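Quick look at target_29.cif (mmCIF, C-alpha atoms):
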```cif
data_coords
#
loop_
_atom_site.group_PDB
_atom_site.id
_atom_site.type_symbol
_atom_site.label_atom_id
_atom_site.label_comp_id
_atom_site.auth_asym_id
_atom_site.auth_seq_id
_atom_site.Cartn_x
_atom_site.Cartn_y
_atom_site.Cartn_z
ATOM 1 C CA MET B 1 -1.160 -32.308 2.852
ATOM 2 C CA LEU B 2 -1.990 -35.936 3.547
ATOM 3 C CA VAL B 3 -1.436 -35.245 7.231
ATOM 4 C CA ARG B 4 -4.226 -32.667 7.196
ATOM 5 C CA VAL B 5 -6.628 -35.059 5.506
ATOM 6 C CA VAL B 6 -5.839 -37.727 8.096
ATOM 7 C CA ALA B 7 -6.348 -35.247 10.943
ATOM 8 C CA ALA B 8 -9.626 -33.950 9.522
ATOM 9 C CA ILE B 9 -11.009 -37.454 8.973
ATOM 10 C CA THR B 10 -9.963 -38.519 12.479
ATOM 11 C CA LEU B 11 -11.620 -35.481 14.025
ATOM 12 C CA CYS B 12 -14.877 -36.058 12.140
ATOM 13 C CA LEU B 13 -14.800 -39.750 12.992
ATOM 14 C CA LEU B 14 -14.288 -39.088 16.701
ATOM 15 C CA PHE B 15 -17.208 -36.682 16.880
ATOM 16 C CA TRP B 16 -19.375 -38.961 14.772
ATOM 17 C CA LEU B 17 -18.634 -41.834 17.136
ATOM 18 C CA ALA B 18 -19.422 -39.632 20.127
ATOM 19 C CA ALA B 19 -22.658 -38.310 18.633
ATOM 20 C CA ARG B 20 -23.889 -41.608 17.164
ATOM 21 C CA ARG B 21 -25.847 -42.826 20.128
ATOM 22 C CA LEU B 22 -26.693 -39.859 22.300
ATOM 23 C CA SER B 23 -28.469 -40.548 25.540
ATOM 24 C CA VAL B 24 -29.663 -38.438 28.436
ATOM 25 C CA VAL B 25 -27.356 -40.295 30.786
ATOM 26 C CA PRO B 26 -24.034 -40.022 28.944
ATOM 27 C CA GLY B 27 -21.771 -43.025 28.549
ATOM 28 C CA ARG B 28 -17.999 -42.773 28.684
ATOM 29 C CA GLY B 29 -17.410 -41.569 25.112
ATOM 30 C CA GLN B 30 -20.253 -39.091 25.208
ATOM 31 C CA GLY B 31 -19.053 -37.868 28.595
ATOM 32 C CA VAL B 32 -15.594 -37.028 27.293
ATOM 33 C CA ALA B 33 -17.008 -35.305 24.208
ATOM 34 C CA GLU B 34 -19.434 -33.286 26.332
ATOM 35 C CA MET B 35 -16.644 -32.268 28.674
ATOM 36 C CA ALA B 36 -14.495 -31.034 25.778
ATOM 37 C CA LEU B 37 -17.387 -29.187 24.163
ATOM 38 C CA SER B 38 -18.503 -27.549 27.384
ATOM 39 C CA PHE B 39 -14.909 -26.449 28.042
ATOM 40 C CA VAL B 40 -15.054 -24.347 24.867
ATOM 41 C CA ARG B 41 -18.583 -23.137 25.581
ATOM 42 C CA VAL B 42 -18.060 -22.168 29.224
ATOM 43 C CA ASN B 43 -14.360 -21.405 29.614
ATOM 44 C CA ILE B 44 -13.818 -19.629 26.308
ATOM 45 C CA ALA B 45 -17.076 -18.313 24.860
ATOM 46 C CA GLN B 46 -19.061 -17.434 27.964
ATOM 47 C CA GLU B 47 -16.049 -16.296 29.946
ATOM 48 C CA ILE B 48 -15.195 -13.644 27.342
ATOM 49 C CA LEU B 49 -18.434 -12.883 25.543
ATOM 50 C CA GLY B 50 -20.941 -13.285 28.373
ATOM 51 C CA ASP B 51 -24.539 -13.380 27.169
ATOM 52 C CA ARG B 52 -23.573 -12.732 23.537
ATOM 53 C CA ALA B 53 -21.732 -16.066 23.462
ATOM 54 C CA HIS B 54 -24.375 -18.400 22.011
ATOM 55 C CA LYS B 55 -24.059 -16.992 18.471
ATOM 56 C CA TYR B 56 -20.318 -17.641 18.306
ATOM 57 C CA VAL B 57 -20.074 -20.982 20.105
ATOM 58 C CA PRO B 58 -20.186 -23.107 16.903
ATOM 59 C CA MET B 59 -17.402 -21.077 15.295
ATOM 60 C CA LEU B 60 -15.188 -21.098 18.377
ATOM 61 C CA THR B 61 -15.758 -24.832 18.845
ATOM 62 C CA THR B 62 -14.806 -25.563 15.242
ATOM 63 C CA ILE B 63 -11.693 -23.412 15.522
ATOM 64 C CA PHE B 64 -10.595 -24.952 18.807
ATOM 65 C CA PHE B 65 -10.934 -28.561 17.717
ATOM 66 C CA ALA B 66 -9.548 -27.979 14.222
ATOM 67 C CA VAL B 67 -6.448 -26.268 15.593
ATOM 68 C CA LEU B 68 -6.048 -28.932 18.279
ATOM 69 C CA ALA B 69 -6.298 -31.788 15.776
ATOM 70 C CA PHE B 70 -3.907 -30.177 13.286
ATOM 71 C CA ASN B 71 -1.456 -29.335 16.087
ATOM 72 C CA LEU B 72 -1.456 -32.818 17.572
ATOM 73 C CA THR B 73 -0.360 -34.433 14.301
ATOM 74 C CA GLY B 74 3.043 -32.910 15.082
ATOM 75 C CA VAL B 75 3.696 -35.389 17.892
ATOM 76 C CA ILE B 76 1.984 -38.481 16.469
ATOM 77 C CA PRO B 77 4.519 -41.020 15.190
ATOM 78 C CA MET B 78 4.464 -41.584 11.400
ATOM 79 C CA LEU B 79 2.695 -38.250 10.819
ATOM 80 C CA ASN B 80 5.368 -36.197 12.590
ATOM 81 C CA ILE B 81 4.480 -32.800 11.176
ATOM 82 C CA ALA B 82 1.804 -30.461 12.440
ATOM 83 C CA GLY B 83 -0.846 -29.572 9.884
ATOM 84 C CA THR B 84 -0.637 -25.997 11.158
ATOM 85 C CA SER B 85 3.126 -25.699 10.689
ATOM 86 C CA LEU B 86 2.544 -24.551 7.115
ATOM 87 C CA ILE B 87 1.010 -21.092 7.020
ATOM 88 C CA GLY B 88 -2.033 -22.130 4.933
ATOM 89 C CA ILE B 89 -4.423 -23.383 7.608
ATOM 90 C CA PRO B 90 -3.565 -20.665 10.157
ATOM 91 C CA ILE B 91 -4.131 -17.970 7.512
ATOM 92 C CA LEU B 92 -7.464 -19.505 6.564
ATOM 93 C CA LEU B 93 -8.623 -19.668 10.194
ATOM 94 C CA ALA B 94 -7.326 -16.157 10.936
ATOM 95 C CA LEU B 95 -9.167 -14.771 7.898
ATOM 96 C CA TRP B 96 -12.333 -16.483 9.102
ATOM 97 C CA VAL B 97 -11.950 -14.819 12.506
ATOM 98 C CA PHE B 98 -11.164 -11.511 10.782
ATOM 99 C CA VAL B 99 -14.309 -11.605 8.634
ATOM 100 C CA MET B 100 -16.370 -12.717 11.630
ATOM 101 C CA TYR B 101 -15.302 -9.918 13.970
ATOM 102 C CA ILE B 102 -15.590 -7.228 11.307
ATOM 103 C CA GLY B 103 -19.039 -8.502 10.362
ATOM 104 C CA ALA B 104 -20.158 -8.861 13.971
ATOM 105 C CA GLY B 105 -18.866 -5.366 14.757
ATOM 106 C CA ILE B 106 -20.706 -3.803 11.817
ATOM 107 C CA LYS B 107 -23.918 -5.558 12.857
ATOM 108 C CA ALA B 108 -23.533 -4.593 16.516
ATOM 109 C CA HIS B 109 -22.964 -0.905 15.745
ATOM 110 C CA HIS B 110 -25.649 -0.651 13.035
ATOM 111 C CA GLY B 111 -23.468 0.055 10.019
ATOM 112 C CA VAL B 112 -19.914 0.572 8.925
ATOM 113 C CA GLY B 113 -19.740 4.151 10.212
ATOM 114 C CA GLY B 114 -20.686 3.274 13.775
ATOM 115 C CA PHE B 115 -18.273 0.335 13.804
ATOM 116 C CA LEU B 116 -15.357 2.440 12.602
ATOM 117 C CA LYS B 117 -16.224 5.266 14.988
ATOM 118 C CA THR B 118 -16.233 3.134 18.153
ATOM 119 C CA ASN B 119 -13.231 1.047 17.128
ATOM 120 C CA LEU B 120 -10.927 3.662 15.617
ATOM 121 C CA PHE B 121 -11.894 6.647 17.781
ATOM 122 C CA PRO B 122 -12.107 5.329 21.356
ATOM 123 C CA PRO B 123 -14.180 7.770 23.427
ATOM 124 C CA GLY B 124 -12.809 9.699 26.382
ATOM 125 C CA VAL B 125 -9.567 10.709 24.668
ATOM 126 C CA PRO B 126 -8.556 14.338 23.939
ATOM 127 C CA TRP B 127 -9.075 14.989 20.217
ATOM 128 C CA PHE B 128 -5.431 15.664 19.335
ATOM 129 C CA LEU B 129 -4.444 12.194 20.533
ATOM 130 C CA TYR B 130 -6.552 10.726 17.725
ATOM 131 C CA ILE B 131 -3.727 11.729 15.367
ATOM 132 C CA LEU B 132 -1.620 9.123 17.163
ATOM 133 C CA ILE B 133 -4.233 6.598 18.207
ATOM 134 C CA THR B 134 -6.303 6.228 15.052
ATOM 135 C CA PRO B 135 -3.497 5.019 12.728
ATOM 136 C CA ILE B 136 -2.395 2.550 15.396
ATOM 137 C CA GLU B 137 -5.960 1.302 15.810
ATOM 138 C CA ILE B 138 -6.374 0.961 12.036
ATOM 139 C CA LEU B 139 -3.242 -1.189 11.898
ATOM 140 C CA GLN B 140 -4.429 -3.161 14.931
ATOM 141 C CA VAL B 141 -7.916 -3.924 13.662
ATOM 142 C CA PHE B 142 -7.153 -4.568 10.017
ATOM 143 C CA LEU B 143 -3.635 -6.020 10.022
ATOM 144 C CA PHE B 144 -2.056 -6.981 13.333
ATOM 145 C CA ARG B 145 -4.903 -8.996 14.841
ATOM 146 C CA PRO B 146 -5.367 -11.524 12.028
ATOM 147 C CA ALA B 147 -1.659 -11.522 11.103
ATOM 148 C CA THR B 148 -0.463 -12.268 14.633
ATOM 149 C CA LEU B 149 -3.121 -14.972 15.005
ATOM 150 C CA ALA B 150 -1.721 -16.817 11.997
ATOM 151 C CA ILE B 151 1.962 -16.140 12.744
ATOM 152 C CA ARG B 152 1.706 -17.160 16.410
ATOM 153 C CA LEU B 153 0.271 -20.550 15.567
ATOM 154 C CA THR B 154 2.607 -21.306 12.653
ATOM 155 C CA ALA B 155 5.775 -20.141 14.382
ATOM 156 C CA ASN B 156 4.927 -22.137 17.498
ATOM 157 C CA MET B 157 4.495 -25.297 15.484
ATOM 158 C CA ILE B 158 7.665 -24.688 13.437
ATOM 159 C CA ALA B 159 9.655 -24.044 16.615
ATOM 160 C CA GLY B 160 8.304 -27.216 18.209
ATOM 161 C CA HIS B 161 9.130 -29.268 15.131
ATOM 162 C CA LEU B 162 12.680 -27.861 15.008
ATOM 163 C CA LEU B 163 13.130 -28.648 18.695
ATOM 164 C CA LEU B 164 12.122 -32.277 18.208
ATOM 165 C CA VAL B 165 14.292 -32.597 15.093
ATOM 166 C CA LEU B 166 17.271 -31.199 17.014
ATOM 167 C CA CYS B 167 16.813 -33.621 19.921
ATOM 168 C CA PHE B 168 16.383 -36.740 17.826
ATOM 169 C CA GLY B 169 19.005 -35.651 15.284
ATOM 170 C CA ALA B 170 21.491 -35.182 18.129
ATOM 171 C CA THR B 171 20.584 -38.612 19.480
ATOM 172 C CA HIS B 172 21.276 -40.176 16.107
ATOM 173 C CA PHE B 173 24.627 -38.385 15.903
ATOM 174 C CA PHE B 174 25.739 -39.367 19.411
ATOM 175 C CA PHE B 175 24.767 -43.016 19.037
ATOM 176 C CA PHE B 176 26.096 -43.750 15.577
ATOM 177 C CA GLU B 177 28.845 -41.257 14.795
ATOM 178 C CA ALA B 178 30.309 -40.042 18.087
ATOM 179 C CA THR B 179 33.068 -42.028 19.733
ATOM 180 C CA GLY B 180 33.815 -43.107 23.283
ATOM 181 C CA ALA B 181 32.203 -41.371 26.197
ATOM 182 C CA LEU B 182 30.284 -39.013 23.925
ATOM 183 C CA LYS B 183 27.934 -41.885 23.082
ATOM 184 C CA ALA B 184 26.533 -41.639 26.620
ATOM 185 C CA ILE B 185 25.253 -38.115 25.919
ATOM 186 C CA GLY B 186 22.911 -39.741 23.407
ATOM 187 C CA PHE B 187 20.806 -41.092 26.275
ATOM 188 C CA LEU B 188 20.434 -37.548 27.574
ATOM 189 C CA SER B 189 19.288 -36.133 24.237
ATOM 190 C CA LEU B 190 16.945 -39.083 23.720
ATOM 191 C CA ALA B 191 15.323 -38.383 27.093
ATOM 192 C CA ALA B 192 15.134 -34.708 26.173
ATOM 193 C CA GLY B 193 13.411 -35.685 22.925
ATOM 194 C CA PHE B 194 10.694 -37.561 24.809
ATOM 195 C CA ALA B 195 10.337 -34.728 27.309
ATOM 196 C CA PHE B 196 9.905 -32.219 24.507
ATOM 197 C CA THR B 197 7.336 -34.485 22.842
ATOM 198 C CA LEU B 198 5.247 -34.210 26.007
ATOM 199 C CA PHE B 199 5.909 -30.479 26.064
ATOM 200 C CA GLU B 200 4.717 -30.225 22.462
ATOM 201 C CA MET B 201 1.432 -31.894 23.411
ATOM 202 C CA LEU B 202 0.976 -29.209 26.066
ATOM 203 C CA VAL B 203 1.831 -26.499 23.519
ATOM 204 C CA ALA B 204 -0.628 -27.972 21.003
ATOM 205 C CA ALA B 205 -3.497 -27.754 23.501
ATOM 206 C CA LEU B 206 -2.381 -24.342 24.729
ATOM 207 C CA GLN B 207 -2.189 -22.888 21.226
ATOM 208 C CA ALA B 208 -5.646 -24.202 20.340
ATOM 209 C CA TYR B 209 -6.949 -22.607 23.555
ATOM 210 C CA ILE B 210 -5.198 -19.305 22.864
ATOM 211 C CA PHE B 211 -6.366 -19.173 19.245
ATOM 212 C CA ALA B 212 -10.011 -19.678 20.229
ATOM 213 C CA LEU B 213 -9.649 -17.348 23.224
ATOM 214 C CA LEU B 214 -8.213 -14.528 21.117
ATOM 215 C CA ALA B 215 -10.909 -15.044 18.476
ATOM 216 C CA ALA B 216 -13.481 -14.537 21.251
ATOM 217 C CA VAL B 217 -11.602 -11.506 22.581
ATOM 218 C CA TYR B 218 -11.464 -9.889 19.145
ATOM 219 C CA ILE B 219 -15.185 -10.455 18.609
ATOM 220 C CA ASP B 220 -15.813 -8.975 22.055
ATOM 221 C CA LEU B 221 -13.633 -5.934 21.329
ATOM 222 C CA SER B 222 -15.360 -5.152 18.048
ATOM 223 C CA THR B 223 -18.925 -5.701 19.300
ATOM 224 C CA SER B 224 -18.818 -4.127 22.761
ATOM 225 C CA LYS B 225 -20.493 -0.719 22.885
ATOM 226 C CA GLU B 226 -18.050 1.158 25.104
ATOM 227 C CA HIS B 227 -14.920 -0.323 23.535
ATOM 228 C CA MET U 228 41.377 9.599 6.385
ATOM 229 C CA VAL U 229 41.940 7.733 9.593
ATOM 230 C CA GLU U 230 43.274 4.245 9.244
ATOM 231 C CA THR U 231 40.716 1.833 10.739
ATOM 232 C CA THR U 232 41.698 -1.297 12.554
ATOM 233 C CA ILE U 233 39.273 -4.117 13.180
ATOM 234 C CA LEU U 234 39.339 -5.054 16.845
ATOM 235 C CA ALA U 235 36.642 -7.715 16.804
ATOM 236 C CA ALA U 236 34.473 -9.346 14.157
ATOM 237 C CA VAL U 237 31.524 -11.690 14.072
ATOM 238 C CA GLU U 238 31.414 -14.239 11.285
ATOM 239 C CA GLY U 239 28.895 -16.846 10.218
ATOM 240 C CA ASN U 240 25.133 -16.616 10.580
ATOM 241 C CA VAL U 241 24.479 -13.480 12.627
ATOM 242 C CA ALA U 242 20.727 -14.127 12.556
ATOM 243 C CA THR U 243 21.126 -16.835 15.208
ATOM 244 C CA ILE U 244 22.483 -14.248 17.638
ATOM 245 C CA GLY U 245 19.510 -12.087 16.771
ATOM 246 C CA TYR U 246 17.073 -14.788 17.757
ATOM 247 C CA GLY U 247 18.844 -15.280 21.058
ATOM 248 C CA LEU U 248 18.453 -11.566 21.722
ATOM 249 C CA ALA U 249 14.824 -11.635 20.591
ATOM 250 C CA THR U 250 13.927 -14.165 23.278
ATOM 251 C CA LEU U 251 15.269 -11.955 26.074
ATOM 252 C CA GLY U 252 12.571 -9.283 26.093
ATOM 253 C CA PRO U 253 9.567 -11.609 25.891
ATOM 254 C CA GLY U 254 11.245 -13.829 28.503
ATOM 255 C CA ILE U 255 11.343 -10.951 30.966
ATOM 256 C CA GLY U 256 7.813 -9.988 29.968
ATOM 257 C CA LEU U 257 6.440 -13.481 30.548
ATOM 258 C CA GLY U 258 8.210 -13.644 33.902
ATOM 259 C CA ILE U 259 6.614 -10.421 35.109
ATOM 260 C CA LEU U 260 3.212 -11.320 33.651
ATOM 261 C CA ILE U 261 2.966 -14.814 35.120
ATOM 262 C CA GLY U 262 4.582 -13.801 38.394
ATOM 263 C CA LYS U 263 2.061 -11.020 38.893
ATOM 264 C CA THR U 264 -0.789 -13.400 38.090
ATOM 265 C CA VAL U 265 0.457 -15.862 40.708
ATOM 266 C CA GLU U 266 0.657 -12.986 43.158
ATOM 267 C CA GLY U 267 -2.882 -11.960 42.341
ATOM 268 C CA ILE U 268 -4.208 -15.501 42.718
ATOM 269 C CA ALA U 269 -2.414 -15.868 46.054
ATOM 270 C CA ARG U 270 -4.009 -12.669 47.319
ATOM 271 C CA GLN U 271 -7.496 -13.455 46.063
ATOM 272 C CA PRO U 272 -7.965 -17.123 45.129
ATOM 273 C CA GLU U 273 -11.648 -16.711 44.241
ATOM 274 C CA VAL U 274 -10.874 -14.765 41.033
ATOM 275 C CA ALA U 275 -8.278 -17.330 39.890
ATOM 276 C CA GLY U 276 -10.241 -18.364 36.776
ATOM 277 C CA GLN U 277 -10.666 -14.824 35.533
ATOM 278 C CA LEU U 278 -7.018 -13.966 36.215
ATOM 279 C CA ARG U 279 -5.863 -17.073 34.378
ATOM 280 C CA THR U 280 -7.889 -16.200 31.275
ATOM 281 C CA THR U 281 -6.540 -12.650 31.277
ATOM 282 C CA MET U 282 -3.029 -14.016 31.782
ATOM 283 C CA PHE U 283 -3.342 -16.266 28.726
ATOM 284 C CA ILE U 284 -4.471 -13.330 26.593
ATOM 285 C CA GLY U 285 -1.436 -11.365 27.791
ATOM 286 C CA VAL U 286 0.841 -14.366 27.268
ATOM 287 C CA ALA U 287 -0.382 -14.609 23.675
ATOM 288 C CA PHE U 288 0.519 -10.980 23.025
ATOM 289 C CA VAL U 289 3.980 -11.278 24.585
ATOM 290 C CA GLU U 290 4.732 -14.625 22.989
ATOM 291 C CA VAL U 291 4.110 -13.384 19.467
ATOM 292 C CA LEU U 292 7.048 -10.989 19.866
ATOM 293 C CA ALA U 293 9.440 -13.856 20.510
ATOM 294 C CA LEU U 294 7.977 -15.747 17.569
ATOM 295 C CA LEU U 295 8.438 -12.716 15.309
ATOM 296 C CA GLY U 296 12.134 -13.054 16.122
ATOM 297 C CA LEU U 297 12.014 -16.658 14.923
ATOM 298 C CA ILE U 298 10.210 -15.695 11.705
ATOM 299 C CA ALA U 299 12.652 -12.837 11.074
ATOM 300 C CA GLY U 300 15.485 -15.357 11.357
ATOM 301 C CA PHE U 301 13.931 -17.370 8.535
ATOM 302 C CA LEU U 302 13.190 -14.358 6.363
ATOM 303 C CA PHE U 303 16.514 -12.502 6.485
#
```
Show this structure as structure tokens.
Amino acid sequence: MLVRVVAAITLCLLFWLAARRLSVVPGRGQGVAEMALSFVRVNIAQEILGDRAHKYVPMLTTIFFAVLAFNLTGVIPMLNIAGTSLIGIPILLALWVFVMYIGAGIKAHHGVGGFLKTNLFPPGVPWFLYILITPIEILQVFLFRPATLAIRLTANMIAGHLLLVLCFGATHFFFFEATGALKAIGFLSLAAGFAFTLFEMLVAALQAYIFALLAAVYIDLSTSKEH
Amino acid sequence: MVETTILAAVEGNVATIGYGLATLGPGIGLGILIGKTVEGIARQPEVAGQLRTTMFIGVAFVEVLALLGLIAGFLF
């Protein structure tokens, strides 16, 4: 709980510092912030959504940086647990995405009926296949998409945390309780612990990217005319 | 009634074996997925960005299967 507060305050502080003195010719801090923001805008929003992107850029940016900040607390010493490794925050973010893509779909297809028709009955399919396809699509749109968003993020963070605990727990065991030559293995597991810490930083960034990317993909799927 | 004899038995936490099995399928899937993307990029380097984005979407779908195995291990 405290970890999340710390992460949220840090994130706000960083962006406040970056946005405090904006200038046309960006300094170092502003340059980094602009690079990160334009990564989300260009490589996630515009890549997937094309010219419909501008409406969803603020949401995708918030999601990307929130997930990144909460993920990175997992590898920061003294915090040591990712804010997203409890299911609460991922569920909240996934529900936000869920409401957004349903709402955007209803708006794009002028009403609930049009939205359901294009999403649950994809055109160009023989009618008897709808008996199979429509239940699957209902599950997809209303259950699997938000559920897998939340589960993917949480399970990744739990797995990463377990991996680090295993490495450093093994190191502790080999150094203090094992005897003789076994002590030497401790160096190996300690090195593995540091390697996996680096790996976790990669995973944290990757998961933030994937979460925002899939949010964009889901919005694109529910708003595109031809499905 | 036929008398049954136990030839082999597994004891302890069977769920751990289950998770090991659950990583196999997604592992193969990721291998094919990423390998094909590399192949595509090698054939046509100018669409690398687009291929990479599509690959990450696919990776996300495959990866969640492995993670469901992890979650199932905690639940049951």
Can you write out as JSON lines which residues of chain B fall within 12 Å of chain U, alongside each residue's closest atom pair and its distance in Å to one decimal, counting all atoms listed in the file and ordering rows by chain and ascending residue number?
```
{"residue": "B:Val42", "atom": "CA", "partner": "U:Gly276", "partner_atom": "CA", "distance": 11.5}
{"residue": "B:Asn43", "atom": "CA", "partner": "U:Thr280", "partner_atom": "CA", "distance": 8.5}
{"residue": "B:Ile44", "atom": "CA", "partner": "U:Thr280", "partner_atom": "CA", "distance": 8.5}
{"residue": "B:Ala45", "atom": "CA", "partner": "U:Thr280", "partner_atom": "CA", "distance": 11.4}
{"residue": "B:Gln46", "atom": "CA", "partner": "U:Gln277", "partner_atom": "CA", "distance": 11.6}
{"residue": "B:Glu47", "atom": "CA", "partner": "U:Gln277", "partner_atom": "CA", "distance": 7.9}
{"residue": "B:Ile48", "atom": "CA", "partner": "U:Thr280", "partner_atom": "CA", "distance": 8.7}
{"residue": "B:Ile87", "atom": "CA", "partner": "U:Ile298", "partner_atom": "CA", "distance": 11.6}
{"residue": "B:Phe144", "atom": "CA", "partner": "U:Phe288", "partner_atom": "CA", "distance": 10.8}
{"residue": "B:Arg145", "atom": "CA", "partner": "U:Phe288", "partner_atom": "CA", "distance": 10.0}
{"residue": "B:Ala147", "atom": "CA", "partner": "U:Val291", "partner_atom": "CA", "distance": 10.3}
{"residue": "B:Thr148", "atom": "CA", "partner": "U:Val291", "partner_atom": "CA", "distance": 6.7}
{"residue": "B:Leu149", "atom": "CA", "partner": "U:Val291", "partner_atom": "CA", "distance": 8.6}
{"residue": "B:Ala150", "atom": "CA", "partner": "U:Val291", "partner_atom": "CA", "distance": 10.1}
{"residue": "B:Ile151", "atom": "CA", "partner": "U:Val291", "partner_atom": "CA", "distance": 7.6}
{"residue": "B:Arg152", "atom": "CA", "partner": "U:Val291", "partner_atom": "CA", "distance": 5.4}
{"residue": "B:Leu153", "atom": "CA", "partner": "U:Val291", "partner_atom": "CA", "distance": 9.0}
{"residue": "B:Thr154", "atom": "CA", "partner": "U:Leu294", "partner_atom": "CA", "distance": 9.2}
{"residue": "B:Ala155", "atom": "CA", "partner": "U:Leu294", "partner_atom": "CA", "distance": 5.9}
{"residue": "B:Asn156", "atom": "CA", "partner": "U:Leu294", "partner_atom": "CA", "distance": 7.1}
{"residue": "B:Met157", "atom": "CA", "partner": "U:Leu294", "partner_atom": "CA", "distance": 10.4}
{"residue": "B:Ile158", "atom": "CA", "partner": "U:Leu297", "partner_atom": "CA", "distance": 9.3}
{"residue": "B:Ala159", "atom": "CA", "partner": "U:Leu297", "partner_atom": "CA", "distance": 7.9}
{"residue": "B:Gly160", "atom": "CA", "partner": "U:Leu294", "partner_atom": "CA", "distance": 11.5}
{"residue": "B:Leu162", "atom": "CA", "partner": "U:Leu297", "partner_atom": "CA", "distance": 11.2}
{"residue": "B:Leu206", "atom": "CA", "partner": "U:Phe283", "partner_atom": "CA", "distance": 9.1}
{"residue": "B:Gln207", "atom": "CA", "partner": "U:Ala287", "partner_atom": "CA", "distance": 8.8}
{"residue": "B:Ala208", "atom": "CA", "partner": "U:Ala287", "partner_atom": "CA", "distance": 11.4}
{"residue": "B:Tyr209", "atom": "CA", "partner": "U:Phe283", "partner_atom": "CA", "distance": 8.9}
{"residue": "B:Ile210", "atom": "CA", "partner": "U:Ala287", "partner_atom": "CA", "distance": 6.8}
{"residue": "B:Phe211", "atom": "CA", "partner": "U:Ala287", "partner_atom": "CA", "distance": 8.7}
{"residue": "B:Ala212", "atom": "CA", "partner": "U:Ile284", "partner_atom": "CA", "distance": 10.6}
{"residue": "B:Leu213", "atom": "CA", "partner": "U:Ile284", "partner_atom": "CA", "distance": 7.4}
{"residue": "B:Leu214", "atom": "CA", "partner": "U:Ile284", "partner_atom": "CA", "distance": 6.7}
{"residue": "B:Ala215", "atom": "CA", "partner": "U:Ile284", "partner_atom": "CA", "distance": 10.5}
{"residue": "B:Ala216", "atom": "CA", "partner": "U:Ile284", "partner_atom": "CA", "distance": 10.5}
{"residue": "B:Val217", "atom": "CA", "partner": "U:Ile284", "partner_atom": "CA", "distance": 8.4}
{"residue": "B:Tyr218", "atom": "CA", "partner": "U:Ile284", "partner_atom": "CA", "distance": 10.8}
```
Next item on the list: Starting from the displayed file, determine the output of the PyMOL selection byres ((chain B and resi 73) around 12) and express the residue list as a PyMOL selection string.
Entry: chain B and resi 1-8+10-11+66-72+74-85+157+160-161+197+200-201+204-205
Item checked: Point-to-point distance from atom CA of His109 of chain B to atom CA of Thr223 of chain B, Å rounded to tenths ->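 Pair atom CA of His109 of chain B / atom CA of Thr223 of chain B returns 7.2 Å.
Put simply, atom CA of Gly105 of chain B is 14.1 Å away from atom CA of Ala53 of chain B.
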Item checked: Shell around segment 260-273 of chain U at 9 Å using only C-alpha atoms, local window under 5 positions removed, as number ranges by chain -> U: 255, 278-279, 281-282, 285-286
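Between atom CA of Val32 of chain B and atom CA of Pro90 of chain B the separation is 26.6 Å.
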Notebook entry, point to check: Could you write out as a ChimeraX atom specification the residues that the PyMOL selection byres ((chain B and resi 111-125) around 12) matches in the shown file?
Noted result: /B:101-110,126-142,218-227
Just the residues within 6 Å of segment 164-180 of chain B, please, counting all atoms listed in the file, with nothing from its chain fewer than 3 positions along; format it as a PDB file with C-alpha atoms, keeping the file's coordinate frame.
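See out-v1.pdb below for the written result:
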```
ATOM      1  CA  HIS B 161       9.130 -29.268  15.131  1.00  0.00           C
ATOM      2  CA  LYS B 183      27.934 -41.885  23.082  1.00  0.00           C
ATOM      3  CA  GLY B 186      22.911 -39.741  23.407  1.00  0.00           C
ATOM      4  CA  SER B 189      19.288 -36.133  24.237  1.00  0.00           C
ATOM      5  CA  LEU B 190      16.945 -39.083  23.720  1.00  0.00           C
ATOM      6  CA  GLY B 193      13.411 -35.685  22.925  1.00  0.00           C
TER       7      GLY B 193
END
```
Need the axis-aligned box for segment 274-288 of chain U with 3 Å each side, so what are the centre and edges in Å to one decimal, as lines of an AutoDock Vina configuration file?
```
center_x = -5.0
center_y = -14.7
center_z = 32.0
size_x = 17.7
size_y = 13.4
size_z = 24.0
```
